[in-house]
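Please read the structure below before turning to the comments.
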Amino acid sequence: MENVILEVKNLSKTYSGITVLNEVSFDLRAGEVHALVGENGAGKSTMIKIIAGVEKPDEGGEIYINGSRATRLTAAKSIQMGVTVIYQDISLFPNLTVAENISIEKNKSMIVNRSEMKRIAQEALDTMGVKLDLDAKLGDISIGKQQLVAIARAITFKSKVIVMDEPTAALSSAEVDMLYNIIRAVKAQGIGIIYISHKLDEIFTVADRISILRDGKMVACDDASAFDNQKLINLMVGRELRFIPMRNEEEASDETIFEVRNMTCEPFFRNVSFQLKKHEILGLTGLVGAGRSELAHAIFGLMKPHSGEIFIHGEKVVVKSPEDAILKGIGYLPEDRRKQGLFHGHSMTCNISAVTLSKHLNRIKLISRKKELKTASDYINKLSIRPNLPSTMSTLGPASINVENMSGGNQQKALFSRWLETGPKVLIVDEPTCGIDVGAKLEIHKLLRQLAKNGVAVILISSDLPEILAISDRILVMCKGTVVDETVAGEATQEGVLEKGLMGSGREIG
Amino acid sequence: MTTFKSVAKSKTREIILIAVIIAIGIVVSFLSESFLNLRNLTNILNNNAIIGIMAIGMMIIIVTGNIDVSVGAQFAVCAMVSAAYVKMTGGTNPLLTFLISILTGIVLGMINGFFVAKFNIPAIVVTLGTLSIIRGALLLITNGKWISDLKGPFIKIANYRVGTLTFSVYVWFLVIIVTYLILYRTRTGRNIVAVGGNKNAAERIGISQSSVYMFSFGYMGALSGIASTLYVSKLAIAQPTAGMGIEMKLIAAAVLGGTVFSGGIASIFGTFLGSLLFGLIENALVLTKVPVYWQSLATGVVLIAAVVSSAYQAGGLHAGGKRSVKGGRQNDKTK
Amino acid sequence: MTKLNKIANNNELTLTFFALLLFIGFSFASPYFFRLGNLMQVTAQLVELGLMTLAMSASIISGGMDLSIGAMTSLCTVLLATFMGSMEMPMGTAILMTLAISMLCGMLNGFLCGYLKINSMLATLGTQALFTGLGLVISKGVTIQCLNERFFFFGQGRIGGQLPFQTVILIVTAVFSIILISKSKWGRHVYLIGSSSKVAQFAGINYEWNIMLVYVFSAIMSFICAIVITSRISGGRADVADPLVLQSVSAAVFGGISITGGAGNITGAIIGVIVFTLVSNGMNMMGASQFLQQIIIGSILLLVLMLRQIAKKRQ
């Protein structure tokens, strides 16, 4: 094969008896984008960590970078040999400037030369065709721009291989397009890219080749043209699965159960009004930064709006704090599962009961462990939370397991349980299926549908357009803090929504 | 674009501190005639060099995201070691005294660094342990006895004046300059800031966290060595209880100067001003004949005012009325 | 095998085992150790550090650290002594007044850390200086005597001529605290906030109020500690409890409370205090110097944490 710059042979990895990677082989050619797909827990991140030198593989596997065998990789050695990983959390330094971040490893001498540093940074940005303020503190610029800085840094490392782990997870559509252009520019320089993503349309846009991991095994590897959506999903999941549009069979009634009137919270959003009818799911979409999450925060009392009114079942409610919002029947499942949702280091039970402790008290107002456990196991059964754990841990039962040891899908279900237990009248779910596998995604969609059927006002915030189109009844598109469009789902198309969301937003990045 | 406004914004803390220092100065100069003369003002510098030098070290440690509460004990060991050496040799070789003391400090600091880096134990716990061990060992070995009656050229050094400033103050300035160069002009310094800013990111590009920790604790030790030798030279005695409780003062000076507790943000000039402010308060109370026991109260009020003002500063960033979602110490422990 | 592992992983059990070992060791090493008089003495020695550790533990679990508890306790001793001494107030009034002032101190901490969201170590570093300053100003820097005979019972009295009354105070307070922190809604909220204050806010947990209560709790514990100290030394001094602050952090951490918050429990912390006190008393009985005790306690702390980290890595 021509120009193979990275080759992995028979790589295996076991964690305390569980095989996470099983004899995986993989190769990457110069100037190609090779997408690596698979459900959560399929072994993608483990494989990346091994290539990046963060984890050690089991005996027997071989890694060749640029033709030379890499043994005993460390993080530094891996970078030196030409592999750079751009992690999901970006992994840059918020307290350093853009220039410092880009050229951090370039300056090999003991003495730091500031002008040289800027020159290197500028050069890297020029190759990408991007303009950024070199002296800006990284923490002060948008996530999208930070992503660009990460790529620029990889270029200064003289990397032959760049690994992008869910690079678009926090990007708006405009920024995603921008990223595509940069990927093309980077490819043209002969750099190979390993592209990890859950979003299939993205993969078909950028990838030249696609490899599919399932349960730690490589199940397929071929040119991108050899796959289509359905085939990819089948290979990933190992069973037939389709993204079926789900709508309520019964007619949406005319009864308005939730309404927001003229809500404004500068500088995030202004004059937002909408209504939610019984049995409906309201889809709320738009670019990241359009004010969607902030709108949810304002409704949930995390943030004080400057003006605006909220009505639940026709009654006006004033929300003073999240605590107050919960009392009044509003629930919010936050965007960032790891940083806003889960209490790490605590059990499933404790995570599920966190909001509803008052319901789990005994006669003398102390927490009743029995009641808590019962609630937790009820939800574990009802939402089929299936921990995939070694036998030593499962003796405890899923309710006592630390949430950190759960897969993304199960964690998300635990958060759903937390909010279902509050018996919400209004439930706002913010990117509920971000970064979780296809199977769990479908289950969550079904759950949302079920909630709407039971009369809960469900607001679904999502950047995933196919998802929005498939399960919401009405779609609200936000752009730069205002609602620019409201359509009935049946009439909306992906392109239409996208266009509305982009309208007037310009392409500011770069 | 670096406009005046953006400079002003990034240096708010220093500007506020200077304003407070000037304001206190004006008030005190009305209350006491002996305040506003060169001799008194330079005395404030002279008297605070020792604290000031160590505060710089504490700042570096805080920048890496750690803390060192064992510095007082470190300081005492170094002081005793240099005093013992001076007693033995008659104080004829000041340079060697400094070197021995610095070396002692580095070794003690590196022990802290070793535990923090290799065993991944939070620095506050490690240094609590070493505080107890080092102080205990020193008291056990010396049996609590002081070393006094030091003689020789050595004891003239700390107060040796060039112009109106003492040698100690020049050492302080030198430490500030060297620290500045290390922090902003060397790889080591940049690594310190990087590790303080994002530990994981640093590890992923191969910046060794251990060596950053070892360096910062070692540097603190070296500065303890320098400061304690100046102390011995100044007072011509050393006692095993020297420097007790000094750690709180150092942390306060660094923090008053704008060093952020969670790491990553350094302020050398601010730390200098912070140490100076404490010295100024002390001086002002002495001159206005306020009983000495009011000092702690005044320090407390200033410290609380400083942290409250910085809380408002941080709060001001969320103009949209967004409730700031930050909390106490180390609250984002998501892995 | 897994059962064994579970026992080894159970921090309280390991620590209790360790305490028992020390107990047996000292009983053999010193003829004076295992005597009723001395054992009662041990329980009395536990009390002050124990109460301080309760105060410290709550704030550490909440993800902060209250450095002002020593100063608060000292201030309370000065107040108690002044109220009952030179001001000749009745005992009950003096105690209630001091309690009220200590709660105000705690509310100040709670306001700074909870409502203004200032880093707790910073805020309490400031209030520590403030409280010490107040104590110094009130006492003019000297020990204030307090010779109220009835009051001596709290720190010197013995029930049935044997059991020190202060031990009873500690037992009652500790049991109450354990239940409050591990079983009450507030306690659970404190754990969750300590785990992540951001997540807690998204879960509708009232950060401000719960943190306020944490610092008021610390203040009340400090106040109880002050009663015992004032009674024991028949007076108050503005720095009398200062050395207990860092010791209480050590004891709490040694007892398994995570310094980063959100994990560990009060029972463990109390066992930590017992181990520290046993070491110190046992070594006293063997005639070892106080400085040697300091070294040994420091070493035990580091050793245990090292072992814990190594064990964690293995997993």
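So you can find residues: chains in the structure tokens are A, B, ... in the order shown, residues in each start at 1, and ligands are numbered from 1 in order.
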
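All chain C residues having an atom within 7 Å of chain A, based on only C-alpha atoms, amount to Lys183, Ser184, Lys185, Leu192, Ser195, Ser196, Lys198, Val199, Phe202, Ala203, Gly204, Ile205 and Asn206 of chain C.
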
Within 8 Å of Asn48 in chain B using only C-alpha atoms, minus same-chain residues under 3 positions, as a PyMOL selection string: chain B and resi 44-45+51-52+275-276+279

Once DSSP has gone over the backbone, tell me which residues of range 139-270 of chain C are in strand (DSSP E or B), as a VMD selection string. chain C and resid 144 to 145 158 to 159 163 to 164 235 to 236

Emit the selected residues as a compact mmCIF listing (two decimals), in the first residue's frame, including C-alpha atoms.
```txt
# COMPACT_ATOMS: atom_id res chain seq x y z
CA ILE C 144 -8.33 36.20 80.63
CA GLN C 145 -9.17 34.35 83.80
CA ARG C 158 -16.35 13.72 86.10
CA ILE C 159 -19.51 11.69 86.12
CA LEU C 163 -16.12 9.46 83.22
CA PRO C 164 -15.07 12.96 82.16
CA GLY C 235 -9.88 31.17 81.13
CA GLY C 236 -9.64 32.29 77.53
```

Shell of 9 Å around Asn265 in chain C, only C-alpha atoms, local chain residues under 5 positions omitted, as JSON, numbers by chain: {"C": [12, 57, 61, 178, 181, 182, 252, 255, 256, 257, 258]}

Point-to-point distance from CA of Leu11 in chain A to CA of Glu59 in chain A, Å rounded to tenths: 8.5 Å

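Closest approach to His189 in chain C among C:Asp242, C:Glu88, C:Glu208, C:Glu48: C:Glu208, based on only C-alpha atoms.
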
Ser233 in chain B environment, 6 Å, only C-alpha atoms, sequence neighbours closer than 3 positions dropped, as a PDB file with N, CA and C atoms, in the first residue's frame:
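What follows is the written file result-v4.pdb:
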```pdb
ATOM      1  N   ILE B 155      26.807  38.701  60.191  1.00  0.00           N
ATOM      2  CA  ILE B 155      25.628  39.334  60.785  1.00  0.00           C
ATOM      3  C   ILE B 155      25.462  40.796  60.367  1.00  0.00           C
ATOM      4  N   ALA B 158      22.699  41.509  56.244  1.00  0.00           N
ATOM      5  CA  ALA B 158      21.287  41.773  55.964  1.00  0.00           C
ATOM      6  C   ALA B 158      20.955  43.252  56.090  1.00  0.00           C
ATOM      7  N   LEU B 230      18.948  35.584  55.627  1.00  0.00           N
ATOM      8  CA  LEU B 230      18.844  37.028  55.854  1.00  0.00           C
ATOM      9  C   LEU B 230      18.320  37.302  57.260  1.00  0.00           C
ATOM     10  N   ALA B 236      20.849  38.038  64.278  1.00  0.00           N
ATOM     11  CA  ALA B 236      21.971  37.387  64.925  1.00  0.00           C
ATOM     12  C   ALA B 236      21.553  36.283  65.896  1.00  0.00           C
TER      13      ALA B 236
END
```

Near-Ser289 in chain C list (10 Å; only C-alpha atoms; drop same-chain fewer than 3 positions) as a VMD selection string: (chain B and resid 136 139 to 140 143) or (chain C and resid 280 283 to 284 286 292 to 294)

Include C-alpha atoms and write out the residues we just selected as a JSON list (two decimals), in the first residue's frame.
```
[["chain", "number", "residue", "atom", "x", "y", "z"],
["B", 136, "GLY", "CA", 8.95, 18.05, 65.30],
["B", 139, "LEU", "CA", 12.56, 20.73, 68.01],
["B", 140, "LEU", "CA", 13.62, 17.21, 68.97],
["B", 143, "ASN", "CA", 15.71, 20.43, 72.19],
["C", 280, "SER", "CA", 0.04, 10.90, 71.64],
["C", 283, "MET", "CA", 3.89, 7.87, 73.77],
["C", 284, "ASN", "CA", 3.45, 10.18, 76.73],
["C", 286, "MET", "CA", 6.30, 5.78, 77.47],
["C", 292, "LEU", "CA", 8.68, 12.87, 68.68],
["C", 293, "GLN", "CA", 4.90, 12.50, 68.75],
["C", 294, "GLN", "CA", 4.62, 15.28, 66.24]]
```

Exercise: Asn43 in chain B partners within 12 Å, only C-alpha atoms, chain neighbours under 6 positions left out, as number ranges by chain: B: 34-37, 49, 159, 161, 164-166, 168-169, 276, 279-280, 282-284

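Residues surrounding Ala117 in chain B within 8 Å are B:Gly113, B:Phe114, B:Phe115, B:Phe119, B:Asn120, B:Ile121, B:Gln209, B:Ser210, B:Ser211, B:Tyr213, B:Met214 [only C-alpha atoms; sequence separation below 2 positions excluded].
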
Go ahead and write the selection's residues with C-alpha atoms as a PDB file, in the first residue's frame.
```
ATOM      1  CA  GLY B 113       7.485  17.933  45.667  1.00  0.00           C
ATOM      2  CA  PHE B 114       8.305  14.240  45.611  1.00  0.00           C
ATOM      3  CA  PHE B 115       5.228  13.230  47.576  1.00  0.00           C
ATOM      4  CA  PHE B 119       1.990   9.745  44.933  1.00  0.00           C
ATOM      5  CA  ASN B 120      -0.531  12.198  43.681  1.00  0.00           C
ATOM      6  CA  ILE B 121      -1.462  13.266  47.208  1.00  0.00           C
ATOM      7  CA  GLN B 209       3.956  17.437  35.784  1.00  0.00           C
ATOM      8  CA  SER B 210       6.373  15.869  38.242  1.00  0.00           C
ATOM      9  CA  SER B 211       9.261  18.057  37.232  1.00  0.00           C
ATOM     10  CA  TYR B 213       6.043  20.213  40.942  1.00  0.00           C
ATOM     11  CA  MET B 214       9.575  19.300  41.973  1.00  0.00           C
TER      12      MET B 214
END
```
